[in-house]
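Novice: Have a look at this one.
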Amino acid sequence: MKNIYEKALQAQKRLKNVVMSSALGYAPVLSKIAGAEIYLKKENLQLTGAFKIRGAFNKIASLVEGDCARIQGVIAASAGNHAQGVAYAAKHFGLKAVIVMPEATPLLKVSATKDLGAEVVLSGDNYDEAYAKALEIAQAENLVFIHPFADDEVIAGQGSIALEMIEERKDISVVVVPIGGGGLIGGIGSVYKQLCPNVRVIGVVASGADAMKKSFDQNEIVKTDSVRTIADGIAVRDVNEHNFALLKQCVDEIVSVDDEEIANAILFLLEKQKLVVEGAGAASVASVLHKKFVIQPNDKIALLLSGGNIDITMLSVIIEKGLLKSNRKMKLKVVLVDKPGSLQGLTNILSSVGANIVQVEYDRTSVMLKYGDALITLALETKGEEHKTIIREKLKAHNYTFSEIN
């Protein structure tokens, strides 16, 4: 930890005129929900849209300081944010950059990386498969591999975030950080445990990519076969031994949030904080919204918003999940008698309880239906769980057969 802290001090100097020192912003609505003071560290507002520029730039800067003439170029594997950090740093130092990204990487991140002058290679279904491909290319083309999280210079670059936070507020008692490979929380945790050892450092994983949490809880590396989460920035399958050892020293607790909870946090940040944050970046907020760890009334909690590079085509899907999770939308399948006036009767009932219909589909051909019946699929705007209960009771009172779509 001490080594990472000392390297973080060097990284802060290298990054002085490169990154934005993102201020800790007070979050009044979230503070009221949590019953404690909540502050947001807005790394989603960085030049490349994420914290990753810190570690990537610091690593490449350290290489250039060592022996720039021997470097043919750099290569990285990334779902997007590290890619942009490496591409930006390589361009800054006039180096060739090749980035290997999983085939399902959002177009926004692919385009942004290419715009920074890097060559992009799409390969594999997840980070780990892209990583293997990048190592092959690195050896074949004599490129220096820039690891996104298992490298002390990269970790130290991320640790510069903690130095900024401590300089701004020394009274923070809890720091909450998303975990993918562990480089971000390793850097932040190392600095905090060196300077402010009593601060609780809490990590958040996506439940669909929770190998680090399982490993942390069992105190040994636990392998998983696959990952699946909307938070592509923390969708890491395998636990790195180097980072796992570091996390055991500087992290107090790891919790998990599911995709619906992450979506709800994205929606919350859009509406209440006017911030666009990607799934990985919203994980810390999701952990507070859904009470994943114990919060004391006198706590002052800093939540890291690690990135804002969300794919616009995915945003509508994420908003949909968030609306459902926050009970502001309800989807129903209702069986009607297939005759004139049946649909109008249903809509009149829904109107009487203030349920606004935003989508309707009518199916009279399903083999699952009895002869003479029709199936109506409805999407309704609702005003919370109590309103949804009223809708259910009203439909039951009028003898409708229905089911909810989650």
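Letters A, B, ... go to the chains of the structure tokens in the order shown; residues in each chain start at 1; ligands are counted from 1 in the same order.
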I'd like a table as JSON lines: residues in range 211-301 of chain A with an atom no more than 7 Å from range 166-181 of chain A, each row giving the shortest atom pair and its distance in Å to one decimal, only C-alpha atoms counted, sorted by chain and rising residue number.
Specialist:
```
{"residue": "A:Gly233", "atom": "CA", "partner": "A:Gly180", "partner_atom": "CA", "distance": 7.0}
{"residue": "A:Ile234", "atom": "CA", "partner": "A:Gly180", "partner_atom": "CA", "distance": 3.8}
{"residue": "A:Ala235", "atom": "CA", "partner": "A:Gly180", "partner_atom": "CA", "distance": 6.1}
{"residue": "A:Val236", "atom": "CA", "partner": "A:Gly180", "partner_atom": "CA", "distance": 5.4}
{"residue": "A:Val239", "atom": "CA", "partner": "A:Gly181", "partner_atom": "CA", "distance": 6.8}
{"residue": "A:Asn240", "atom": "CA", "partner": "A:Gly181", "partner_atom": "CA", "distance": 6.9}
{"residue": "A:Ala280", "atom": "CA", "partner": "A:Pro178", "partner_atom": "CA", "distance": 6.5}
{"residue": "A:Gly281", "atom": "CA", "partner": "A:Pro178", "partner_atom": "CA", "distance": 6.9}
{"residue": "A:Ala283", "atom": "CA", "partner": "A:Pro178", "partner_atom": "CA", "distance": 6.0}
{"residue": "A:Ser284", "atom": "CA", "partner": "A:Val176", "partner_atom": "CA", "distance": 5.8}
{"residue": "A:Asp299", "atom": "CA", "partner": "A:Ser173", "partner_atom": "CA", "distance": 5.9}
{"residue": "A:Lys300", "atom": "CA", "partner": "A:Ile172", "partner_atom": "CA", "distance": 4.9}
{"residue": "A:Ile301", "atom": "CA", "partner": "A:Val174", "partner_atom": "CA", "distance": 4.7}
```
Novice: Got time to write the residues from that selection, N, CA and C atoms, as a PDB file, in the first residue's frame?
Specialist:
```
ATOM      1  N   GLY A 233     -18.365  -1.562 -17.872  1.00  0.00           N
ATOM      2  CA  GLY A 233     -17.085  -1.069 -17.364  1.00  0.00           C
ATOM      3  C   GLY A 233     -16.537  -1.871 -16.199  1.00  0.00           C
ATOM      4  N   ILE A 234     -17.388  -2.658 -15.521  1.00  0.00           N
ATOM      5  CA  ILE A 234     -16.911  -3.500 -14.415  1.00  0.00           C
ATOM      6  C   ILE A 234     -17.235  -4.970 -14.677  1.00  0.00           C
ATOM      7  N   ALA A 235     -17.439  -5.312 -15.943  1.00  0.00           N
ATOM      8  CA  ALA A 235     -17.759  -6.697 -16.312  1.00  0.00           C
ATOM      9  C   ALA A 235     -16.476  -7.502 -16.496  1.00  0.00           C
ATOM     10  N   VAL A 236     -15.775  -7.753 -15.390  1.00  0.00           N
ATOM     11  CA  VAL A 236     -14.523  -8.506 -15.411  1.00  0.00           C
ATOM     12  C   VAL A 236     -14.775  -9.899 -14.831  1.00  0.00           C
ATOM     13  N   VAL A 239     -10.388 -12.862 -11.361  1.00  0.00           N
ATOM     14  CA  VAL A 239      -9.772 -12.072 -10.292  1.00  0.00           C
ATOM     15  C   VAL A 239      -8.262 -12.099 -10.459  1.00  0.00           C
ATOM     16  N   ASN A 240      -7.660 -10.919 -10.509  1.00  0.00           N
ATOM     17  CA  ASN A 240      -6.209 -10.805 -10.635  1.00  0.00           C
ATOM     18  C   ASN A 240      -5.560 -10.958  -9.255  1.00  0.00           C
ATOM     19  N   ALA A 280     -21.378   1.210 -14.745  1.00  0.00           N
ATOM     20  CA  ALA A 280     -20.306   1.030 -13.761  1.00  0.00           C
ATOM     21  C   ALA A 280     -20.214   2.241 -12.838  1.00  0.00           C
ATOM     22  N   GLY A 281     -20.354   3.426 -13.426  1.00  0.00           N
ATOM     23  CA  GLY A 281     -20.235   4.654 -12.646  1.00  0.00           C
ATOM     24  C   GLY A 281     -21.357   4.851 -11.653  1.00  0.00           C
ATOM     25  N   ALA A 283     -22.858   2.395  -9.998  1.00  0.00           N
ATOM     26  CA  ALA A 283     -22.915   1.297  -9.030  1.00  0.00           C
ATOM     27  C   ALA A 283     -22.817   1.787  -7.589  1.00  0.00           C
ATOM     28  N   SER A 284     -21.973   2.783  -7.355  1.00  0.00           N
ATOM     29  CA  SER A 284     -21.819   3.305  -5.991  1.00  0.00           C
ATOM     30  C   SER A 284     -23.112   3.937  -5.496  1.00  0.00           C
ATOM     31  N   ASP A 299     -22.294   9.884   9.294  1.00  0.00           N
ATOM     32  CA  ASP A 299     -21.359   9.567   8.214  1.00  0.00           C
ATOM     33  C   ASP A 299     -21.327  10.667   7.159  1.00  0.00           C
ATOM     34  N   LYS A 300     -20.156  10.866   6.623  1.00  0.00           N
ATOM     35  CA  LYS A 300     -19.959  11.709   5.442  1.00  0.00           C
ATOM     36  C   LYS A 300     -19.385  10.787   4.366  1.00  0.00           C
ATOM     37  N   ILE A 301     -20.192  10.509   3.350  1.00  0.00           N
ATOM     38  CA  ILE A 301     -19.887   9.447   2.401  1.00  0.00           C
ATOM     39  C   ILE A 301     -19.564  10.013   1.025  1.00  0.00           C
TER      40      ILE A 301
END
```
Novice: Write out as CSV the residues of range 252-324 of chain A that have any atom within 9 Å of an atom of range 44-53 of chain A, one row each with the nearest atom pair and its distance in Å to one decimal, counting only C-alpha atoms, sorted by chain and then rising number.
Specialist:
```
residue,atom,partner,partner_atom,distance
A:Leu275,CA,A:Asn44,CA,8.5
A:Val276,CA,A:Asn44,CA,7.7
A:Val277,CA,A:Asn44,CA,6.4
A:Glu278,CA,A:Asn44,CA,8.2
A:Gly281,CA,A:Asn44,CA,7.4
A:Leu305,CA,A:Asn44,CA,6.0
A:Ser306,CA,A:Ala50,CA,5.7
A:Gly307,CA,A:Asn44,CA,3.9
A:Gly308,CA,A:Asn44,CA,4.3
A:Asn309,CA,A:Gly49,CA,5.8
```
Novice: Using DSSP on the backbone, list every residue of range 324-369 of chain A that comes out as strand (DSSP E or B), and give them as a list in words.
Specialist: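 Assigned to strand (DSSP E or B), within range 324-369 of chain A: Lys329, Met330, Lys331, Leu332, Lys333, Val334, Val335, Leu336, Val337, Asn356, Ile357, Val358, Gln359, Val360, Glu361, Tyr362 and Asp363 of chain A.
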Novice: Keeping only N, CA and C atoms, write the selected residues to a file as a PDB file, in the first residue's frame.
Specialist:
```pdb
ATOM      1  N   LYS A 329     -43.507   2.574 -13.612  1.00  0.00           N
ATOM      2  CA  LYS A 329     -44.048   1.956 -14.808  1.00  0.00           C
ATOM      3  C   LYS A 329     -44.512   0.548 -14.446  1.00  0.00           C
ATOM      4  N   MET A 330     -45.567   0.101 -15.123  1.00  0.00           N
ATOM      5  CA  MET A 330     -46.142  -1.209 -14.846  1.00  0.00           C
ATOM      6  C   MET A 330     -46.537  -1.851 -16.164  1.00  0.00           C
ATOM      7  N   LYS A 331     -46.175  -3.112 -16.353  1.00  0.00           N
ATOM      8  CA  LYS A 331     -46.555  -3.824 -17.572  1.00  0.00           C
ATOM      9  C   LYS A 331     -47.482  -4.975 -17.221  1.00  0.00           C
ATOM     10  N   LEU A 332     -48.580  -5.064 -17.944  1.00  0.00           N
ATOM     11  CA  LEU A 332     -49.601  -6.067 -17.663  1.00  0.00           C
ATOM     12  C   LEU A 332     -49.998  -6.832 -18.914  1.00  0.00           C
ATOM     13  N   LYS A 333     -50.350  -8.105 -18.723  1.00  0.00           N
ATOM     14  CA  LYS A 333     -51.037  -8.877 -19.750  1.00  0.00           C
ATOM     15  C   LYS A 333     -52.439  -9.174 -19.220  1.00  0.00           C
ATOM     16  N   VAL A 334     -53.453  -8.743 -19.967  1.00  0.00           N
ATOM     17  CA  VAL A 334     -54.841  -8.872 -19.525  1.00  0.00           C
ATOM     18  C   VAL A 334     -55.633  -9.661 -20.572  1.00  0.00           C
ATOM     19  N   VAL A 335     -56.394 -10.642 -20.103  1.00  0.00           N
ATOM     20  CA  VAL A 335     -57.241 -11.425 -21.007  1.00  0.00           C
ATOM     21  C   VAL A 335     -58.614 -10.777 -21.096  1.00  0.00           C
ATOM     22  N   LEU A 336     -59.072 -10.525 -22.337  1.00  0.00           N
ATOM     23  CA  LEU A 336     -60.384  -9.928 -22.581  1.00  0.00           C
ATOM     24  C   LEU A 336     -61.239 -10.851 -23.449  1.00  0.00           C
ATOM     25  N   VAL A 337     -62.527 -10.693 -23.327  1.00  0.00           N
ATOM     26  CA  VAL A 337     -63.441 -11.329 -24.280  1.00  0.00           C
ATOM     27  C   VAL A 337     -63.326 -10.548 -25.587  1.00  0.00           C
ATOM     28  N   ASN A 356     -52.051   6.003 -16.696  1.00  0.00           N
ATOM     29  CA  ASN A 356     -51.908   6.457 -18.077  1.00  0.00           C
ATOM     30  C   ASN A 356     -51.317   5.347 -18.940  1.00  0.00           C
ATOM     31  N   ILE A 357     -52.005   4.986 -20.027  1.00  0.00           N
ATOM     32  CA  ILE A 357     -51.537   3.945 -20.921  1.00  0.00           C
ATOM     33  C   ILE A 357     -50.540   4.552 -21.911  1.00  0.00           C
ATOM     34  N   VAL A 358     -49.314   4.008 -21.938  1.00  0.00           N
ATOM     35  CA  VAL A 358     -48.293   4.527 -22.850  1.00  0.00           C
ATOM     36  C   VAL A 358     -48.010   3.566 -24.001  1.00  0.00           C
ATOM     37  N   GLN A 359     -48.468   2.330 -23.863  1.00  0.00           N
ATOM     38  CA  GLN A 359     -48.273   1.356 -24.941  1.00  0.00           C
ATOM     39  C   GLN A 359     -49.330   0.268 -24.811  1.00  0.00           C
ATOM     40  N   VAL A 360     -49.859  -0.195 -25.961  1.00  0.00           N
ATOM     41  CA  VAL A 360     -50.850  -1.279 -25.938  1.00  0.00           C
ATOM     42  C   VAL A 360     -50.669  -2.172 -27.165  1.00  0.00           C
ATOM     43  N   GLU A 361     -50.750  -3.479 -26.929  1.00  0.00           N
ATOM     44  CA  GLU A 361     -50.694  -4.458 -28.016  1.00  0.00           C
ATOM     45  C   GLU A 361     -51.895  -5.397 -27.881  1.00  0.00           C
ATOM     46  N   TYR A 362     -52.492  -5.757 -29.020  1.00  0.00           N
ATOM     47  CA  TYR A 362     -53.712  -6.568 -29.019  1.00  0.00           C
ATOM     48  C   TYR A 362     -53.425  -7.853 -29.792  1.00  0.00           C
ATOM     49  N   ASP A 363     -53.597  -9.006 -29.122  1.00  0.00           N
ATOM     50  CA  ASP A 363     -53.317 -10.302 -29.750  1.00  0.00           C
ATOM     51  C   ASP A 363     -54.542 -11.206 -29.615  1.00  0.00           C
TER      52      ASP A 363
END
```
Novice: Lys394 in chain A: which residues within 8 Å, counting only C-alpha atoms, same-chain residues fewer than 4 positions away excluded, as a list of chain:residue names?
Specialist: A:Ile349, A:Ile390, A:His398
Novice: Using only C-alpha atoms, which of the listed residues (A:Ala79, A:Val86, A:Leu135, A:Ala302) sits closest to Leu122 in chain A?
Specialist: A:Ala79
Novice: Quick one: residues within 9 Å of Lys339 in chain A, only C-alpha atoms counted, chain neighbours fewer than 2 positions away excluded, as a list of chain:residue names?
Specialist: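 The residues that qualify are A:Leu336, A:Val337, A:Gly341, A:Ser342, A:Leu343, A:Gly372, A:Asp373, A:Ala374.
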Novice: Residues of range 89-153 of chain A classed as helix (DSSP H, G or I) by DSSP on the backbone are to be reported as a VMD selection string.
Specialist: chain A and resid 89 to 93 107 to 115 127 to 141 152 to 153
Novice: Those same residues - N, CA and C atoms - I'd like them written as a short mmCIF file (atom, residue, chain, number, x, y, z; two decimals), in the first residue's frame.
Specialist:
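What ended up in part.cif:
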```cif
data_model
loop_
_atom_site.label_atom_id
_atom_site.label_comp_id
_atom_site.auth_asym_id
_atom_site.auth_seq_id
_atom_site.Cartn_x
_atom_site.Cartn_y
_atom_site.Cartn_z
N ALA A 89 -3.33 9.26 -24.13
CA ALA A 89 -1.95 9.38 -23.66
C ALA A 89 -0.95 9.07 -24.77
N ALA A 90 -1.25 8.04 -25.57
CA ALA A 90 -0.35 7.70 -26.68
C ALA A 90 -0.25 8.84 -27.68
N LYS A 91 -1.39 9.44 -27.99
CA LYS A 91 -1.40 10.58 -28.91
C LYS A 91 -0.60 11.75 -28.34
N HIS A 92 -0.74 11.97 -27.05
CA HIS A 92 -0.02 13.05 -26.37
C HIS A 92 1.49 12.88 -26.52
N PHE A 93 1.95 11.63 -26.42
CA PHE A 93 3.40 11.37 -26.48
C PHE A 93 3.86 10.94 -27.87
N LEU A 107 -20.86 1.27 -29.54
CA LEU A 107 -20.29 2.02 -30.65
C LEU A 107 -19.71 3.35 -30.20
N LEU A 108 -20.34 3.99 -29.22
CA LEU A 108 -19.85 5.27 -28.70
C LEU A 108 -18.38 5.16 -28.26
N LYS A 109 -18.07 4.08 -27.54
CA LYS A 109 -16.72 3.92 -27.02
C LYS A 109 -15.73 3.55 -28.13
N VAL A 110 -16.19 2.75 -29.09
CA VAL A 110 -15.33 2.38 -30.22
C VAL A 110 -14.98 3.63 -31.03
N SER A 111 -15.99 4.42 -31.35
CA SER A 111 -15.79 5.63 -32.15
C SER A 111 -14.90 6.63 -31.43
N ALA A 112 -15.15 6.80 -30.14
CA ALA A 112 -14.36 7.76 -29.36
C ALA A 112 -12.88 7.37 -29.32
N THR A 113 -12.63 6.06 -29.26
CA THR A 113 -11.25 5.57 -29.23
C THR A 113 -10.57 5.80 -30.58
N LYS A 114 -11.28 5.52 -31.66
CA LYS A 114 -10.73 5.76 -33.00
C LYS A 114 -10.47 7.24 -33.23
N ASP A 115 -11.37 8.08 -32.71
CA ASP A 115 -11.22 9.53 -32.89
C ASP A 115 -9.94 10.06 -32.23
N TYR A 127 -14.05 -8.91 -21.58
CA TYR A 127 -12.71 -8.32 -21.40
C TYR A 127 -11.62 -9.38 -21.43
N ASP A 128 -11.84 -10.48 -20.74
CA ASP A 128 -10.79 -11.49 -20.60
C ASP A 128 -10.37 -12.08 -21.95
N GLU A 129 -11.33 -12.25 -22.86
CA GLU A 129 -11.01 -12.77 -24.19
C GLU A 129 -10.30 -11.71 -25.03
N ALA A 130 -10.70 -10.46 -24.86
CA ALA A 130 -10.01 -9.36 -25.55
C ALA A 130 -8.58 -9.22 -25.03
N TYR A 131 -8.41 -9.43 -23.74
CA TYR A 131 -7.09 -9.36 -23.10
C TYR A 131 -6.13 -10.40 -23.71
N ALA A 132 -6.63 -11.62 -23.88
CA ALA A 132 -5.79 -12.68 -24.46
C ALA A 132 -5.35 -12.32 -25.88
N LYS A 133 -6.27 -11.74 -26.65
CA LYS A 133 -5.95 -11.33 -28.02
C LYS A 133 -4.92 -10.21 -28.01
N ALA A 134 -5.05 -9.28 -27.09
CA ALA A 134 -4.11 -8.16 -27.02
C ALA A 134 -2.70 -8.63 -26.71
N LEU A 135 -2.56 -9.63 -25.85
CA LEU A 135 -1.24 -10.17 -25.54
C LEU A 135 -0.60 -10.80 -26.77
N GLU A 136 -1.42 -11.46 -27.59
CA GLU A 136 -0.91 -12.05 -28.83
C GLU A 136 -0.35 -10.97 -29.76
N ILE A 137 -1.13 -9.90 -29.93
CA ILE A 137 -0.72 -8.81 -30.82
C ILE A 137 0.51 -8.11 -30.26
N ALA A 138 0.54 -7.92 -28.94
CA ALA A 138 1.68 -7.25 -28.30
C ALA A 138 2.98 -7.98 -28.62
N GLN A 139 2.95 -9.31 -28.53
CA GLN A 139 4.15 -10.10 -28.79
C GLN A 139 4.52 -10.07 -30.26
N ALA A 140 3.50 -10.15 -31.13
CA ALA A 140 3.75 -10.20 -32.57
C ALA A 140 4.31 -8.88 -33.10
N GLU A 141 3.83 -7.75 -32.54
CA GLU A 141 4.20 -6.44 -33.08
C GLU A 141 5.15 -5.67 -32.16
N ASP A 152 1.07 -1.32 -11.12
CA ASP A 152 1.21 -0.36 -10.03
C ASP A 152 1.16 1.10 -10.48
N GLU A 153 1.71 1.39 -11.67
CA GLU A 153 1.65 2.77 -12.17
C GLU A 153 0.22 3.17 -12.54
#
```
Novice: I'd like the contact shell of Ala209 in chain A - 6 Å cut-off, only C-alpha atoms, skipping same-chain residues fewer than 2 positions apart - returned as a PDB file with N, CA, C and O atoms, in the first residue's frame.
Specialist:
```
ATOM      1  N   ALA A 206     -21.014  -5.554  -9.713  1.00  0.00           N
ATOM      2  CA  ALA A 206     -22.293  -5.938 -10.308  1.00  0.00           C
ATOM      3  C   ALA A 206     -22.529  -7.401  -9.965  1.00  0.00           C
ATOM      4  O   ALA A 206     -21.607  -8.216 -10.001  1.00  0.00           O
ATOM      5  N   SER A 207     -23.764  -7.758  -9.628  1.00  0.00           N
ATOM      6  CA  SER A 207     -24.053  -9.136  -9.227  1.00  0.00           C
ATOM      7  C   SER A 207     -23.773 -10.126 -10.354  1.00  0.00           C
ATOM      8  O   SER A 207     -23.521 -11.301 -10.100  1.00  0.00           O
ATOM      9  N   VAL A 227     -19.623 -13.552 -17.344  1.00  0.00           N
ATOM     10  CA  VAL A 227     -20.166 -12.343 -16.725  1.00  0.00           C
ATOM     11  C   VAL A 227     -21.335 -11.846 -17.564  1.00  0.00           C
ATOM     12  O   VAL A 227     -21.365 -12.026 -18.777  1.00  0.00           O
ATOM     13  N   ALA A 235     -17.439  -5.312 -15.943  1.00  0.00           N
ATOM     14  CA  ALA A 235     -17.759  -6.697 -16.312  1.00  0.00           C
ATOM     15  C   ALA A 235     -16.476  -7.502 -16.496  1.00  0.00           C
ATOM     16  O   ALA A 235     -16.112  -7.901 -17.599  1.00  0.00           O
TER      17      ALA A 235
END
```
Novice: Using only C-alpha atoms, determine which residues lie at most 7 Å from Gly55 in chain A, disregarding the query and same-chain residues fewer than 3 positions distant; provide the list as a ChimeraX atom specification.
Specialist: /A:52,58-59,153-158
Novice: Emit the selected residues as an mmCIF file, in the first residue's frame, including all heavy atoms.
Specialist:
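That gives us result_37.cif:
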```cif
data_model
loop_
_atom_site.group_PDB
_atom_site.id
_atom_site.type_symbol
_atom_site.label_atom_id
_atom_site.label_comp_id
_atom_site.auth_asym_id
_atom_site.auth_seq_id
_atom_site.Cartn_x
_atom_site.Cartn_y
_atom_site.Cartn_z
ATOM 1 N N LYS A 52 -10.292 6.588 -16.074
ATOM 2 C CA LYS A 52 -9.233 5.743 -16.632
ATOM 3 C C LYS A 52 -8.073 6.535 -17.240
ATOM 4 O O LYS A 52 -6.954 6.023 -17.353
ATOM 5 C CB LYS A 52 -9.820 4.817 -17.693
ATOM 6 C CG LYS A 52 -10.667 3.687 -17.136
ATOM 7 C CD LYS A 52 -9.816 2.579 -16.552
ATOM 8 C CE LYS A 52 -10.629 1.338 -16.255
ATOM 9 N NZ LYS A 52 -9.792 0.235 -15.752
ATOM 10 N N ASN A 58 -0.555 8.054 -16.577
ATOM 11 C CA ASN A 58 0.571 7.923 -15.651
ATOM 12 C C ASN A 58 1.498 6.784 -16.064
ATOM 13 O O ASN A 58 2.724 6.920 -16.026
ATOM 14 C CB ASN A 58 0.065 7.680 -14.228
ATOM 15 C CG ASN A 58 1.195 7.668 -13.217
ATOM 16 O OD1 ASN A 58 1.961 8.622 -13.112
ATOM 17 N ND2 ASN A 58 1.317 6.567 -12.483
ATOM 18 N N LYS A 59 0.935 5.664 -16.492
ATOM 19 C CA LYS A 59 1.750 4.526 -16.907
ATOM 20 C C LYS A 59 2.593 4.870 -18.132
ATOM 21 O O LYS A 59 3.808 4.613 -18.160
ATOM 22 C CB LYS A 59 0.846 3.332 -17.218
ATOM 23 C CG LYS A 59 1.563 2.129 -17.837
ATOM 24 C CD LYS A 59 2.610 1.547 -16.899
ATOM 25 C CE LYS A 59 3.269 0.307 -17.504
ATOM 26 N NZ LYS A 59 4.292 -0.272 -16.618
ATOM 27 N N GLU A 153 1.707 1.393 -11.672
ATOM 28 C CA GLU A 153 1.654 2.774 -12.166
ATOM 29 C C GLU A 153 0.224 3.168 -12.543
ATOM 30 O O GLU A 153 -0.191 4.304 -12.339
ATOM 31 C CB GLU A 153 2.585 2.952 -13.366
ATOM 32 C CG GLU A 153 4.060 2.774 -13.056
ATOM 33 C CD GLU A 153 4.624 3.847 -12.131
ATOM 34 O OE1 GLU A 153 3.917 4.836 -11.859
ATOM 35 O OE2 GLU A 153 5.782 3.699 -11.698
ATOM 36 N N VAL A 154 -0.516 2.214 -13.090
ATOM 37 C CA VAL A 154 -1.933 2.462 -13.411
ATOM 38 C C VAL A 154 -2.722 2.649 -12.126
ATOM 39 O O VAL A 154 -3.516 3.592 -11.988
ATOM 40 C CB VAL A 154 -2.518 1.295 -14.241
ATOM 41 C CG1 VAL A 154 -4.037 1.446 -14.380
ATOM 42 C CG2 VAL A 154 -1.864 1.245 -15.619
ATOM 43 N N ILE A 155 -2.509 1.763 -11.171
ATOM 44 C CA ILE A 155 -3.206 1.850 -9.881
ATOM 45 C C ILE A 155 -2.887 3.178 -9.187
ATOM 46 O O ILE A 155 -3.773 3.830 -8.623
ATOM 47 C CB ILE A 155 -2.816 0.661 -8.986
ATOM 48 C CG1 ILE A 155 -3.340 -0.646 -9.585
ATOM 49 C CG2 ILE A 155 -3.361 0.833 -7.568
ATOM 50 C CD1 ILE A 155 -2.812 -1.900 -8.907
ATOM 51 N N ALA A 156 -1.628 3.571 -9.251
ATOM 52 C CA ALA A 156 -1.211 4.834 -8.618
ATOM 53 C C ALA A 156 -1.884 6.026 -9.282
ATOM 54 O O ALA A 156 -2.273 6.999 -8.609
ATOM 55 C CB ALA A 156 0.304 4.973 -8.687
ATOM 56 N N GLY A 157 -2.026 5.966 -10.612
ATOM 57 C CA GLY A 157 -2.737 7.040 -11.310
ATOM 58 C C GLY A 157 -4.155 7.184 -10.812
ATOM 59 O O GLY A 157 -4.654 8.302 -10.587
ATOM 60 N N GLN A 158 -4.826 6.049 -10.613
ATOM 61 C CA GLN A 158 -6.190 6.101 -10.065
ATOM 62 C C GLN A 158 -6.171 6.608 -8.624
ATOM 63 O O GLN A 158 -7.116 7.262 -8.172
ATOM 64 C CB GLN A 158 -6.861 4.718 -10.121
ATOM 65 C CG GLN A 158 -6.534 3.803 -11.272
ATOM 66 C CD GLN A 158 -6.764 4.357 -12.672
ATOM 67 O OE1 GLN A 158 -6.825 5.570 -12.875
ATOM 68 N NE2 GLN A 158 -6.849 3.467 -13.651
#
```
Novice: Please identify all polymer residues within 8 Å of Ile75 in chain A, counting only C-alpha atoms, omitting same-chain residues fewer than 3 positions from it, and present them as a PyMOL selection string.
Specialist: chain A and resi 97-100+134+138+143-146
Novice: Just write the chosen residues, N, CA and C atoms, as an mmCIF file, in the first residue's frame.
Specialist:
```
data_model
loop_
_atom_site.group_PDB
_atom_site.id
_atom_site.type_symbol
_atom_site.label_atom_id
_atom_site.label_comp_id
_atom_site.auth_asym_id
_atom_site.auth_seq_id
_atom_site.Cartn_x
_atom_site.Cartn_y
_atom_site.Cartn_z
ATOM 1 N N ALA A 97 -0.908 3.453 -30.971
ATOM 2 C CA ALA A 97 -1.762 2.785 -29.989
ATOM 3 C C ALA A 97 -2.698 1.810 -30.692
ATOM 4 N N VAL A 98 -2.745 0.568 -30.185
ATOM 5 C CA VAL A 98 -3.693 -0.441 -30.650
ATOM 6 C C VAL A 98 -4.559 -0.838 -29.463
ATOM 7 N N ILE A 99 -5.869 -0.846 -29.662
ATOM 8 C CA ILE A 99 -6.793 -1.201 -28.583
ATOM 9 C C ILE A 99 -7.633 -2.401 -29.014
ATOM 10 N N VAL A 100 -7.634 -3.451 -28.196
ATOM 11 C CA VAL A 100 -8.489 -4.616 -28.443
ATOM 12 C C VAL A 100 -9.705 -4.501 -27.532
ATOM 13 N N ALA A 134 -5.054 -9.277 -27.091
ATOM 14 C CA ALA A 134 -4.115 -8.157 -27.018
ATOM 15 C C ALA A 134 -2.700 -8.629 -26.713
ATOM 16 N N ALA A 138 0.543 -7.916 -28.944
ATOM 17 C CA ALA A 138 1.683 -7.248 -28.305
ATOM 18 C C ALA A 138 2.985 -7.976 -28.615
ATOM 19 N N LEU A 143 4.774 -4.491 -29.069
ATOM 20 C CA LEU A 143 4.121 -3.343 -28.434
ATOM 21 C C LEU A 143 4.115 -3.526 -26.915
ATOM 22 N N VAL A 144 4.152 -2.427 -26.187
ATOM 23 C CA VAL A 144 4.099 -2.482 -24.722
ATOM 24 C C VAL A 144 2.636 -2.581 -24.292
ATOM 25 N N PHE A 145 2.316 -3.628 -23.525
ATOM 26 C CA PHE A 145 0.939 -3.814 -23.066
ATOM 27 C C PHE A 145 0.665 -2.937 -21.845
ATOM 28 N N ILE A 146 -0.414 -2.168 -21.922
ATOM 29 C CA ILE A 146 -0.822 -1.298 -20.800
ATOM 30 C C ILE A 146 -2.025 -1.941 -20.142
#
```
Novice: Could you check the closest approach to Glu260 in chain A for each of A:Ser287, A:Asn298, A:Ser160, A:Asn399 and tell me which residue wins, using only C-alpha atoms?
Specialist: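 That would be A:Ser287, the residue with the smallest distance to Glu260 in chain A.
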Novice: At what distance in Å, to one decimal, does CA of Asp125 in chain A lie from CA of Asp225 in chain A?
Specialist: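 If I compute the distance from CA of Asp225 in chain A to CA of Asp125 in chain A, I get 12.2 Å.
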Novice: So which one's closest to Ile266 in chain A, A:Lys7, A:Lys32, A:His147, A:Lys321? Using only C-alpha atoms, please.
Specialist: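 Closest candidate: A:Lys321.
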Novice: Take CA of Ala77 in chain A and CA of Ile60 in chain A and report the distance between them in Å, one decimal.
Specialist: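 CA of Ile60 in chain A lies 14.8 Å from CA of Ala77 in chain A.
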Novice: Pick out the closest residue to Gln249 in chain A from this set: A:Tyr192, A:Phe268, A:Tyr400, A:Tyr88. Count only C-alpha atoms.
Specialist: A:Tyr192
Novice: Kindly indicate which residue among A:Ala8, A:Leu116, A:Val251, A:Leu378 lies nearest to Ala162 in chain A, using only C-alpha atoms for the distances.
Specialist: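 Smallest separation from Ala162 in chain A among the options: A:Ala8.
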Novice: Work out how far CA of Lys383 in chain A is from CA of Lys272 in chain A, in Å to one decimal.
Specialist: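 According to the coordinates, CA of Lys272 in chain A and CA of Lys383 in chain A are separated by 16.8 Å.
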